[in-house]
>>> print(open('final-v1.tsv').read())   # TSV, C-alpha atoms and all ligand atoms
chain	number	residue	atom	x	y	z
A	1	MET	CA	324.26	216.58	86.14
A	2	LYS	CA	327.16	214.82	87.80
A	3	SER	CA	328.81	212.20	85.64
A	4	ASN	CA	331.13	209.31	86.39
A	5	LYS	CA	333.42	206.93	84.58
A	6	LEU	CA	331.65	203.64	83.95
A	7	GLY	CA	334.28	201.43	85.52
A	8	ASN	CA	337.13	200.86	83.09
A	9	THR	CA	334.95	200.90	79.98
A	10	GLY	CA	336.18	204.33	78.95
A	11	LEU	CA	332.59	205.55	78.91
A	12	GLU	CA	331.40	208.53	80.93
A	13	VAL	CA	327.83	208.20	82.21
A	14	SER	CA	325.43	210.56	83.89
A	15	ARG	CA	324.78	209.80	87.55
A	16	LEU	CA	321.11	209.45	86.69
A	17	GLY	CA	320.14	207.27	83.76
A	18	LEU	CA	316.76	206.53	82.23
A	19	GLY	CA	315.32	203.02	82.36
A	20	GLY	CA	313.24	201.55	79.57
A	21	ILE	CA	310.28	199.97	81.39
A	22	PRO	CA	307.95	203.00	81.11
A	23	PHE	CA	308.54	203.52	77.38
A	24	GLN	CA	306.65	200.34	76.54
A	25	TYR	CA	303.52	201.86	78.09
A	26	ILE	CA	303.64	205.37	76.64
A	27	SER	CA	303.67	206.66	73.07
A	28	GLN	CA	306.68	207.41	70.93
A	29	THR	CA	305.86	211.12	71.17
A	30	GLU	CA	305.81	211.06	74.97
A	31	SER	CA	308.92	208.88	75.12
A	32	SER	CA	310.78	211.21	72.76
A	33	LYS	CA	309.84	214.26	74.83
A	34	ILE	CA	311.16	212.65	78.02
A	35	ILE	CA	314.36	211.40	76.41
A	36	GLN	CA	315.06	214.73	74.69
A	37	ALA	CA	314.41	216.69	77.90
A	38	ALA	CA	316.60	214.33	79.89
A	39	HIS	CA	319.39	214.58	77.33
A	40	ASP	CA	319.16	218.39	77.37
A	41	ARG	CA	319.74	218.25	81.15
A	42	GLY	CA	322.80	215.99	80.90
A	43	VAL	CA	321.37	212.46	81.02
A	44	ASN	CA	323.28	210.27	78.60
A	45	LEU	CA	322.60	206.70	79.78
A	46	PHE	CA	319.51	204.96	78.43
A	47	TYR	CA	319.08	201.42	79.56
A	48	THR	CA	316.42	198.88	78.72
A	49	SER	CA	315.87	195.23	77.91
A	50	ARG	CA	314.60	193.10	75.04
A	51	MET	CA	311.87	192.11	77.50
A	52	TYR	CA	310.40	195.60	77.59
A	53	ARG	CA	308.57	195.25	74.29
A	54	ASP	CA	309.12	198.25	71.95
A	55	SER	CA	311.23	200.30	74.41
A	56	GLU	CA	314.39	199.78	72.33
A	57	ASN	CA	312.63	201.11	69.23
A	58	LYS	CA	311.39	204.18	71.08
A	59	ILE	CA	314.79	204.96	72.59
A	60	GLY	CA	316.40	204.41	69.18
A	61	VAL	CA	314.02	206.85	67.46
A	62	ALA	CA	314.36	209.46	70.21
A	63	THR	CA	318.18	209.39	70.26
A	64	ARG	CA	318.76	209.18	66.51
A	65	GLY	CA	319.95	212.76	66.25
A	66	PHE	CA	322.56	212.38	68.99
A	67	ARG	CA	323.48	208.67	68.97
A	68	ASP	CA	327.19	209.37	69.44
A	69	LYS	CA	326.47	211.40	72.59
A	70	VAL	CA	324.55	208.69	74.46
A	71	VAL	CA	325.32	205.35	76.03
A	72	LEU	CA	322.81	202.74	74.95
A	73	GLY	CA	322.36	199.67	77.08
A	74	THR	CA	320.02	196.71	76.83
A	75	SER	CA	319.88	193.09	77.84
A	76	THR	CA	318.68	189.61	76.97
A	77	HIS	CA	317.00	187.17	79.30
A	78	LYS	CA	317.80	184.32	76.90
A	79	ARG	CA	320.05	181.59	78.24
A	80	LYS	CA	321.24	179.85	75.06
A	81	LYS	CA	323.79	181.15	72.55
A	82	THR	CA	321.53	180.95	69.49
A	83	ASP	CA	318.65	182.71	71.26
A	84	GLY	CA	321.00	185.31	72.73
A	85	ARG	CA	322.51	186.09	69.35
A	86	ARG	CA	319.05	186.48	67.86
A	87	ASP	CA	318.18	188.94	70.63
A	88	ILE	CA	321.31	191.01	70.05
A	89	GLU	CA	320.62	191.21	66.32
A	90	GLN	CA	317.04	192.23	67.05
A	91	SER	CA	318.20	194.91	69.51
A	92	LEU	CA	320.52	196.39	66.88
A	93	ARG	CA	317.60	196.59	64.46
A	94	ASN	CA	315.28	198.01	67.11
A	95	PHE	CA	317.68	200.76	68.15
A	96	GLY	CA	318.61	201.33	64.50
A	97	VAL	CA	322.34	201.24	65.31
A	98	ASP	CA	325.33	199.15	64.33
A	99	TYR	CA	326.70	198.86	67.85
A	100	ILE	CA	325.30	198.84	71.38
A	101	ASP	CA	327.45	200.25	74.18
A	102	VAL	CA	326.51	197.77	76.91
A	103	TYR	CA	324.72	194.48	76.38
A	104	SER	CA	323.85	192.50	79.49
A	105	LEU	CA	322.60	189.15	80.58
A	106	HIS	CA	319.29	190.03	82.20
A	107	ASN	CA	318.18	189.02	85.68
A	108	VAL	CA	320.35	185.96	86.17
A	109	LEU	CA	318.25	184.44	88.90
A	110	THR	CA	320.14	181.45	90.21
A	111	MET	CA	323.51	179.76	90.14
A	112	GLY	CA	321.94	177.12	87.90
A	113	VAL	CA	320.95	179.76	85.35
A	114	LEU	CA	324.39	181.34	85.59
A	115	LYS	CA	326.05	178.00	84.84
A	116	GLU	CA	323.77	177.45	81.85
A	117	ILE	CA	324.57	180.89	80.45
A	118	MET	CA	328.31	180.47	80.91
A	119	SER	CA	328.50	176.90	79.55
A	120	PRO	CA	329.48	176.12	75.94
A	121	GLY	CA	326.42	176.97	73.88
A	122	GLY	CA	325.27	179.46	76.53
A	123	ALA	CA	324.22	183.09	75.94
A	124	TYR	CA	327.55	184.50	77.12
A	125	GLN	CA	329.19	183.12	73.98
A	126	ALA	CA	326.78	185.12	71.84
A	127	LEU	CA	327.82	188.29	73.66
A	128	GLU	CA	331.50	187.47	73.18
A	129	GLU	CA	331.03	186.85	69.47
A	130	MET	CA	329.09	190.05	68.97
A	131	ARG	CA	331.67	191.97	70.96
A	132	ASN	CA	334.43	190.56	68.76
A	133	ALA	CA	332.40	191.61	65.72
A	134	GLY	CA	332.12	195.16	67.09
A	135	HIS	CA	328.35	195.14	67.55
A	136	VAL	CA	328.58	195.08	71.34
A	137	ARG	CA	331.11	197.30	73.07
A	138	HIS	CA	330.83	196.06	76.64
A	139	VAL	CA	329.30	193.06	78.35
A	140	GLY	CA	327.20	193.32	81.49
A	141	ILE	CA	325.19	191.20	83.88
A	142	SER	CA	322.20	191.97	86.05
A	143	ALA	CA	321.02	189.91	89.00
A	144	HIS	CA	319.20	190.48	92.27
A	145	GLN	CA	321.53	188.31	94.34
A	146	PRO	CA	325.08	189.27	95.29
A	147	GLU	CA	326.16	185.62	95.33
A	148	THR	CA	325.28	185.27	91.65
A	149	ILE	CA	327.08	188.47	90.73
A	150	LEU	CA	330.21	187.50	92.63
A	151	ALA	CA	330.24	184.02	91.08
A	152	ALA	CA	329.78	185.55	87.61
A	153	LEU	CA	332.75	187.85	88.14
A	154	GLU	CA	334.91	184.81	88.88
A	155	MET	CA	333.77	183.12	85.68
A	156	ALA	CA	334.21	185.87	83.11
A	157	ALA	CA	335.37	189.40	82.51
A	158	PHE	CA	332.16	191.40	82.78
A	159	ASP	CA	332.51	195.13	82.19
A	160	VAL	CA	329.35	196.29	83.94
A	161	VAL	CA	327.13	195.04	86.75
A	162	GLU	CA	323.53	196.17	87.24
A	163	PHE	CA	322.07	195.56	90.65
A	164	PRO	CA	318.95	196.74	92.52
A	165	LEU	CA	319.76	199.03	95.41
A	166	ASN	CA	317.19	200.90	97.47
A	167	ILE	CA	316.29	201.78	101.02
A	168	ALA	CA	314.28	198.61	101.60
A	169	ASP	CA	316.99	196.26	100.46
A	170	ARG	CA	320.07	197.75	101.95
A	171	GLU	CA	322.04	194.78	103.13
A	172	ALA	CA	321.82	192.84	99.88
A	173	ALA	CA	324.64	194.76	98.24
A	174	GLU	CA	326.90	194.91	101.29
A	175	GLY	CA	330.35	193.54	100.55
A	176	MET	CA	329.61	193.30	96.84
A	177	ILE	CA	329.93	196.94	95.83
A	178	GLU	CA	333.56	197.22	96.94
A	179	GLU	CA	334.38	194.02	95.09
A	180	ILE	CA	332.85	195.34	91.87
A	181	GLN	CA	334.51	198.72	92.11
A	182	SER	CA	337.93	197.37	93.12
A	183	ARG	CA	337.93	195.34	89.90
A	184	GLY	CA	337.24	198.42	87.79
A	185	ILE	CA	333.83	197.11	86.76
A	186	GLY	CA	331.10	199.61	85.98
A	187	PHE	CA	328.39	199.65	88.65
A	188	VAL	CA	324.88	200.69	87.72
A	189	THR	CA	322.10	200.47	90.28
A	190	ILE	CA	318.51	199.86	89.31
A	191	LYS	CA	315.12	200.19	91.04
A	192	PRO	CA	316.12	203.12	93.30
A	193	MET	CA	312.46	203.98	93.87
A	194	MET	CA	311.30	200.37	94.35
A	195	PHE	CA	308.71	200.81	91.61
A	196	GLY	CA	307.43	203.90	93.43
A	197	TYR	CA	307.17	202.25	96.85
A	198	ALA	CA	310.23	204.12	98.16
A	199	GLY	CA	308.13	207.24	98.72
A	200	ASP	CA	310.40	210.19	99.42
A	201	ALA	CA	312.59	210.57	96.30
A	202	SER	CA	315.12	212.70	98.15
A	203	VAL	CA	315.83	210.02	100.74
A	204	ALA	CA	315.70	207.24	98.16
A	205	PHE	CA	318.21	208.87	95.81
A	206	ARG	CA	320.50	210.21	98.52
A	207	TYR	CA	320.71	206.71	99.93
A	208	VAL	CA	321.60	205.20	96.55
A	209	PHE	CA	324.07	207.96	95.65
A	210	SER	CA	325.86	207.46	98.95
A	211	ALA	CA	326.83	203.97	97.73
A	212	LYS	CA	328.67	205.74	94.87
A	213	PRO	CA	327.39	203.81	91.86
A	214	ASP	CA	328.57	205.04	88.48
A	215	SER	CA	324.95	205.58	87.53
A	216	THR	CA	321.46	204.93	88.82
A	217	VAL	CA	318.82	204.04	86.29
A	218	VAL	CA	315.26	205.07	87.03
A	219	GLY	CA	312.04	204.66	85.07
A	220	THR	CA	310.20	207.87	84.21
A	221	TYR	CA	306.64	208.00	82.88
A	222	ASN	CA	306.22	211.73	82.29
A	223	LEU	CA	308.00	215.08	82.31
A	224	ASP	CA	306.90	215.88	85.88
A	225	GLU	CA	308.55	212.74	87.20
A	226	LEU	CA	311.64	213.50	85.17
A	227	GLU	CA	311.79	216.99	86.64
A	228	GLU	CA	311.44	215.63	90.18
A	229	ASN	CA	314.21	213.10	89.62
A	230	LEU	CA	316.54	215.66	88.04
A	231	ALA	CA	315.89	218.17	90.81
A	232	THR	CA	316.63	215.50	93.39
A	233	GLU	CA	319.89	214.63	91.67
A	234	GLU	CA	320.88	218.29	91.55
A	235	ALA	CA	320.02	218.78	95.23
A	236	ALA	CA	322.19	215.85	96.29
A	237	ALA	CA	325.49	217.65	96.46
A	238	GLY	CA	328.58	215.58	95.80
A	239	ASP	CA	327.86	211.97	96.55
A	240	GLY	CA	324.80	212.89	98.53
A	241	ALA	CA	324.37	213.97	102.14
A	242	ALA	CA	324.34	210.99	104.44
A	243	VAL	CA	320.93	209.48	105.00
A	244	SER	CA	320.12	208.77	108.62
A	245	ARG	CA	318.61	205.53	109.82
A	246	ASP	CA	315.52	207.42	110.98
A	247	GLU	CA	315.05	208.99	107.56
A	248	ILE	CA	315.15	205.56	105.95
A	249	ILE	CA	312.75	204.04	108.47
A	250	ASN	CA	310.31	206.94	108.09
A	251	ALA	CA	310.49	206.80	104.30
A	252	ILE	CA	309.68	203.10	104.30
A	253	ALA	CA	306.84	203.62	106.77
A	254	ALA	CA	305.37	206.37	104.58
A	255	SER	CA	305.57	204.17	101.53
A	256	GLU	CA	303.91	201.33	103.40
A	257	ARG	CA	300.99	203.58	104.25
A	258	LYS	CA	300.83	204.63	100.62
A	259	CYS	CA	300.88	201.22	99.02
A	260	PHE	CA	299.65	198.96	101.82
A	261	LYS	CA	302.67	196.72	101.49
A	262	VAL	CA	304.54	195.21	104.39
A	263	PHE	CA	308.14	196.28	104.67
A	264	CYS	CA	310.51	194.95	107.28
A	265	ARG	CA	312.84	197.81	108.28
A	266	ARG	CA	315.66	195.42	109.26
A	267	CYS	CA	315.78	196.98	112.70
A	268	ASP	CA	316.84	193.72	114.46
A	269	SER	CA	314.34	194.07	117.31
A	270	CYS	CA	312.99	190.57	116.70
A	271	VAL	CA	316.24	188.61	116.95
A	272	ALA	CA	315.15	186.77	120.06
A	273	CYS	CA	312.83	184.24	118.41
A	274	PRO	CA	312.81	181.28	120.85
A	275	GLN	CA	312.90	178.91	117.88
A	276	GLY	CA	315.97	180.60	116.46
A	277	ILE	CA	314.23	181.61	113.23
A	278	ASP	CA	316.07	184.33	111.34
A	279	ILE	CA	312.94	186.43	110.88
A	280	LYS	CA	314.59	189.31	109.08
A	281	ARG	CA	316.14	186.99	106.54
A	282	MET	CA	312.92	185.06	106.03
A	283	LEU	CA	311.01	188.28	105.38
A	284	ARG	CA	313.66	189.39	102.91
A	285	LEU	CA	313.44	186.11	101.02
A	286	TYR	CA	309.70	186.49	100.89
A	287	GLU	CA	310.01	190.05	99.59
A	288	TYR	CA	312.12	188.70	96.73
A	289	PHE	CA	309.53	186.05	96.09
A	290	ASP	CA	306.62	188.45	96.27
A	291	ARG	CA	307.94	191.66	94.70
A	292	TYR	CA	310.98	190.94	92.61
A	293	HIS	CA	309.69	187.86	90.83
A	294	SER	CA	312.67	185.90	92.10
A	295	GLY	CA	310.66	182.94	93.33
A	296	GLU	CA	313.05	180.29	92.09
A	297	TRP	CA	316.01	181.93	93.78
A	298	ALA	CA	314.10	182.60	97.01
A	299	ARG	CA	313.09	178.93	97.23
A	300	GLU	CA	316.66	177.80	96.65
A	301	GLU	CA	317.91	180.12	99.37
A	302	TYR	CA	315.18	179.12	101.76
A	303	ALA	CA	316.07	175.44	101.32
A	304	GLY	CA	319.47	176.17	102.86
A	305	VAL	CA	318.27	178.17	105.88
A	306	ARG	CA	317.94	176.45	109.28
A	307	PRO	CA	315.77	176.43	111.29
A	308	GLY	CA	312.96	176.50	108.75
A	309	LEU	CA	309.56	178.11	109.14
A	310	GLN	CA	307.91	174.84	110.14
A	311	ASN	CA	309.55	175.45	113.53
A	312	CYS	CA	307.46	178.55	114.18
A	313	ASP	CA	304.97	177.75	116.95
A	314	ASN	CA	303.08	181.04	116.61
A	315	CYS	CA	304.14	182.22	120.05
A	316	GLY	CA	303.86	185.85	118.89
A	317	ILE	CA	306.95	187.11	120.74
A	318	CYS	CA	308.36	188.60	117.54
A	319	GLU	CA	305.24	190.66	116.88
A	320	ARG	CA	305.31	192.04	120.39
A	321	GLU	CA	308.93	193.10	119.86
A	322	CYS	CA	308.47	194.61	116.40
A	323	PRO	CA	308.23	198.41	116.74
A	324	TYR	CA	306.64	198.70	113.30
A	325	HIS	CA	303.75	196.34	113.88
A	326	ILE	CA	304.72	194.05	111.05
A	327	PRO	CA	302.25	191.14	110.97
A	328	ILE	CA	305.18	188.77	111.19
A	329	LYS	CA	303.20	185.61	111.89
A	330	ARG	CA	300.95	186.21	108.91
A	331	GLU	CA	303.88	187.00	106.58
A	332	LEU	CA	305.87	183.99	107.74
A	333	ALA	CA	302.84	181.74	107.27
A	334	LYS	CA	302.55	182.96	103.66
A	335	ALA	CA	306.28	182.55	103.20
A	336	ARG	CA	306.12	179.02	104.54
A	337	VAL	CA	303.57	178.07	101.89
A	338	ASP	CA	305.33	179.82	99.02
A	339	LEU	CA	308.95	179.11	99.86
A	340	MET	CA	308.63	175.46	100.82
A	341	PRO	CA	309.98	173.16	98.10
A	342	ARG	CA	307.19	171.84	95.94
A	343	ARG	CA	306.39	168.19	96.60
A	344	SER	CA	306.99	166.03	93.57
A	345	PRO	CA	304.05	164.11	92.13
A	346	ARG	CA	305.95	160.93	93.05
A	347	ARG	CA	305.95	161.89	96.74
A	348	LEU	CA	302.32	162.87	96.62
A	349	ILE	CA	301.38	159.57	94.99
A	350	LYS	CA	303.43	157.69	97.55
A	351	LYS	CA	301.68	159.59	100.32
A	352	LYS	CA	298.30	158.80	98.84
A	353	ILE	CA	299.03	155.08	98.44
A	354	PHE	CA	301.03	154.42	101.57
A	355	GLY	CA	299.80	157.25	103.77
A	356	GLY	CA	303.41	158.51	104.04
B	401	LIG	S1	305.83	183.61	116.28
B	401	LIG	FE1	307.26	182.21	115.26
B	401	LIG	S2	308.81	183.52	114.35
B	401	LIG	FE2	307.73	184.77	115.88
B	401	LIG	S3	308.96	184.56	117.76
B	401	LIG	FE3	307.36	182.99	117.82
B	401	LIG	S4	308.33	181.17	116.93
B	401	LIG	FE4	309.60	182.93	116.36
B	402	LIG	S1	311.32	193.85	114.46
B	402	LIG	FE1	309.96	194.13	112.70
B	402	LIG	S2	310.95	195.65	111.40
B	402	LIG	FE2	312.46	194.97	112.90
B	402	LIG	S3	313.60	193.33	111.83
B	402	LIG	FE3	311.94	192.35	112.96
B	402	LIG	S4	310.21	192.22	111.54
B	402	LIG	FE4	311.68	193.68	110.70
>>> encode(input="final-v1.tsv", output="structure tokens", more="lines below")
Ligand code: SF4
Ligand code: SF4
Amino acid sequence: MKSNKLGNTGLEVSRLGLGGIPFQYISQTESSKIIQAAHDRGVNLFYTSRMYRDSENKIGVATRGFRDKVVLGTSTHKRKKTDGRRDIEQSLRNFGVDYIDVYSLHNVLTMGVLKEIMSPGGAYQALEEMRNAGHVRHVGISAHQPETILAALEMAAFDVVEFPLNIADREAAEGMIEEIQSRGIGFVTIKPMMFGYAGDASVAFRYVFSAKPDSTVVGTYNLDELEENLATEEAAAGDGAAVSRDEIINAIAASERKCFKVFCRRCDSCVACPQGIDIKRMLRLYEYFDRYHSGEWAREEYAGVRPGLQNCDNCGICERECPYHIPIKRELAKARVDLMPRRSPRRLIKKKIFGG
């Protein structure tokens, strides 16, 4: 197992880490078998969240015999200092440890949430206090939007960034990775397999490794999956053989057939929308809304994009141009409904009374 320095934290982490989501759904015995087998093969990063029910407890039990040889990471989705501190204390009890290597602010969705967290009385202060007390070694942040990450890095000295990176969402991280790494911040990617939608593990991991993260955290439900992931890591020599555009497009197509989801391949064949709609961007926003539970952020982003989807006149030119037969009109119609700002009750009442 290749390992890397985690930014300037002084920690060394395995290129492949284990994520905590699956452990909440499987038994302690199964979790312990996976964690022990992974550790035996060189995995030393175990990363979860307070949100993932008893995953901290299970990781804590499984790593008890080799605590000093692993890097434990977890996160809080709480926004206020008092709630954040309570979460950190609970995590320490759950893991059964007196310090946690990396503690992160989880899934910071919008700039508004970021401001709340960083304000006096916000959750960041809880992390700082617990770091000063020695219970947290390093402070991290996870978000799905580069803008939020970059703004956070301007506000405070984060040690680690966790960010989703996979074949279907390639452009999101562009420009951000260099910024993170040039600052000596640890870079951990998450969701390399897109919850299993990525299909071909070899392509998915080679793509992620080529971005040179310090580690990539992946959820693993059983020993077979673990073996597949470890074998893929071993097969990806160095930083991973380059992944061709065709390989990525084929992998996404295969996964679409498998899971009946619509994936835009970002091929740019539909740029000539007569109404000037940025179709690729709209589909990406809708993917965030639909798959990554980032509805609030997607709506905020959509509000700033011109022209909006109300300008689509259903001409169908985009669908004729799309080589992957994406039902663009249907997806954009759904996006229009879901991404449009909600009308306030006041406006609805006004409309009812005055017909406005
Ligand atoms: S159907 Fe809508 S999005 Fe597609 S090309 Fe026509 S106006 Fe543009
Ligand atoms: S042509 Fe199809 S696959 Fe290509 S960017 Fe447009 S919607 Fe996506």
>>> residues_around(input="final-v1.tsv", residues="Pro22 of chain A", least_positions_apart="4", cutoff="9 Å", atoms="all atoms listed in the file", output="ChimeraX atom specification")
/A:26,31,52,55,219-222
>>> closest_residue(input="final-v1.tsv", among="A:Ala38, A:Thr148, A:Tyr324, A:Glu296", to="Glu225 of chain A", atoms="all atoms listed in the file")
A:Ala38
>>> closest_residue(input="final-v1.tsv", among="A:Glu128, A:Glu178, A:Glu321, A:Asp224", to="ligand LIG 402 (chain B)", atoms="only C-alpha atoms and all ligand atoms")
A:Glu321
>>> residues_near_ligand(input="final-v1.tsv", ligand="ligand LIG 402 (chain B)", cutoff="12 Å", atoms="only C-alpha atoms and all ligand atoms", output="PDB file with C-alpha atoms, in the frame of the given file")
ATOM      1  CA  ALA A 168     314.280 198.610 101.600  1.00  0.00           C
ATOM      2  CA  ASP A 169     316.990 196.260 100.460  1.00  0.00           C
ATOM      3  CA  ILE A 249     312.750 204.040 108.470  1.00  0.00           C
ATOM      4  CA  ASN A 250     310.310 206.940 108.090  1.00  0.00           C
ATOM      5  CA  ILE A 252     309.680 203.100 104.300  1.00  0.00           C
ATOM      6  CA  ALA A 253     306.840 203.620 106.770  1.00  0.00           C
ATOM      7  CA  VAL A 262     304.540 195.210 104.390  1.00  0.00           C
ATOM      8  CA  PHE A 263     308.140 196.280 104.670  1.00  0.00           C
ATOM      9  CA  CYS A 264     310.510 194.950 107.280  1.00  0.00           C
ATOM     10  CA  ARG A 265     312.840 197.810 108.280  1.00  0.00           C
ATOM     11  CA  ARG A 266     315.660 195.420 109.260  1.00  0.00           C
ATOM     12  CA  CYS A 267     315.780 196.980 112.700  1.00  0.00           C
ATOM     13  CA  ASP A 268     316.840 193.720 114.460  1.00  0.00           C
ATOM     14  CA  SER A 269     314.340 194.070 117.310  1.00  0.00           C
ATOM     15  CA  CYS A 270     312.990 190.570 116.700  1.00  0.00           C
ATOM     16  CA  VAL A 271     316.240 188.610 116.950  1.00  0.00           C
ATOM     17  CA  ALA A 272     315.150 186.770 120.060  1.00  0.00           C
ATOM     18  CA  CYS A 273     312.830 184.240 118.410  1.00  0.00           C
ATOM     19  CA  ILE A 277     314.230 181.610 113.230  1.00  0.00           C
ATOM     20  CA  ASP A 278     316.070 184.330 111.340  1.00  0.00           C
ATOM     21  CA  ILE A 279     312.940 186.430 110.880  1.00  0.00           C
ATOM     22  CA  LYS A 280     314.590 189.310 109.080  1.00  0.00           C
ATOM     23  CA  ARG A 281     316.140 186.990 106.540  1.00  0.00           C
ATOM     24  CA  MET A 282     312.920 185.060 106.030  1.00  0.00           C
ATOM     25  CA  LEU A 283     311.010 188.280 105.380  1.00  0.00           C
ATOM     26  CA  ARG A 284     313.660 189.390 102.910  1.00  0.00           C
ATOM     27  CA  GLU A 287     310.010 190.050  99.590  1.00  0.00           C
ATOM     28  CA  GLY A 316     303.860 185.850 118.890  1.00  0.00           C
ATOM     29  CA  ILE A 317     306.950 187.110 120.740  1.00  0.00           C
ATOM     30  CA  CYS A 318     308.360 188.600 117.540  1.00  0.00           C
ATOM     31  CA  GLU A 319     305.240 190.660 116.880  1.00  0.00           C
ATOM     32  CA  ARG A 320     305.310 192.040 120.390  1.00  0.00           C
ATOM     33  CA  GLU A 321     308.930 193.100 119.860  1.00  0.00           C
ATOM     34  CA  CYS A 322     308.470 194.610 116.400  1.00  0.00           C
ATOM     35  CA  PRO A 323     308.230 198.410 116.740  1.00  0.00           C
ATOM     36  CA  TYR A 324     306.640 198.700 113.300  1.00  0.00           C
ATOM     37  CA  HIS A 325     303.750 196.340 113.880  1.00  0.00           C
ATOM     38  CA  ILE A 326     304.720 194.050 111.050  1.00  0.00           C
ATOM     39  CA  PRO A 327     302.250 191.140 110.970  1.00  0.00           C
ATOM     40  CA  ILE A 328     305.180 188.770 111.190  1.00  0.00           C
ATOM     41  CA  LYS A 329     303.200 185.610 111.890  1.00  0.00           C
ATOM     42  CA  ARG A 330     300.950 186.210 108.910  1.00  0.00           C
ATOM     43  CA  GLU A 331     303.880 187.000 106.580  1.00  0.00           C
ATOM     44  CA  LEU A 332     305.870 183.990 107.740  1.00  0.00           C
TER      45      LEU A 332
END
>>> residues_near_point(input="final-v1.tsv", point="(325.2, 181.9, 73.7)", cutoff="10 Å", atoms="only C-alpha atoms", output="list in words")
Lys78, Arg79, Lys80, Lys81, Thr82, Asp83, Gly84, Arg85, Arg86, Glu116, Ile117, Met118, Ser119, Pro120, Gly121, Gly122, Ala123, Tyr124, Gln125, Ala126, Leu127, Glu128 and Glu129 of chain A
>>> atom_distance(input="final-v1.tsv", atom1="atom CA of Val108 of chain A", atom2="atom CA of Val305 of chain A")
21.3 Å
>>> axis_aligned_box(input="final-v1.tsv", around="ligand LIG 401 (chain B)", padding_each_side="4 Å", output="lines of an AutoDock Vina configuration file")
center_x = 307.7
center_y = 183.0
center_z = 116.1
size_x = 11.8
size_y = 11.6
size_z = 11.5
>>> atom_distance(input="final-v1.tsv", atom1="atom CA of Thr216 of chain A", atom2="atom CA of Glu300 of chain A")
28.6 Å
>>> atom_distance(input="final-v1.tsv", atom1="atom CA of Glu12 of chain A", atom2="atom CA of Gly184 of chain A")
13.5 Å
>>> residues_near_point(input="final-v1.tsv", point="(330.9, 202.9, 77.6)", cutoff="7 Å", atoms="only C-alpha atoms", output="number ranges by chain")
A: 6, 9-12, 71, 101-102, 138
>>> closest_residue(input="final-v1.tsv", among="A:Asn57, A:Gln181, A:Asn311, A:Ser202", to="Arg93 of chain A", atoms="all atoms listed in the file")
A:Asn57
>>> closest_residue(input="final-v1.tsv", among="A:Leu109, A:Val97, A:Val61, A:Leu309", to="ligand LIG 401 (chain B)", atoms="all atoms listed in the file")
A:Leu309
>>> closest_residue(input="final-v1.tsv", among="A:Ala37, A:Cys312, A:Leu223, A:Val203", to="ligand LIG 401 (chain B)", atoms="only C-alpha atoms and all ligand atoms")
A:Cys312
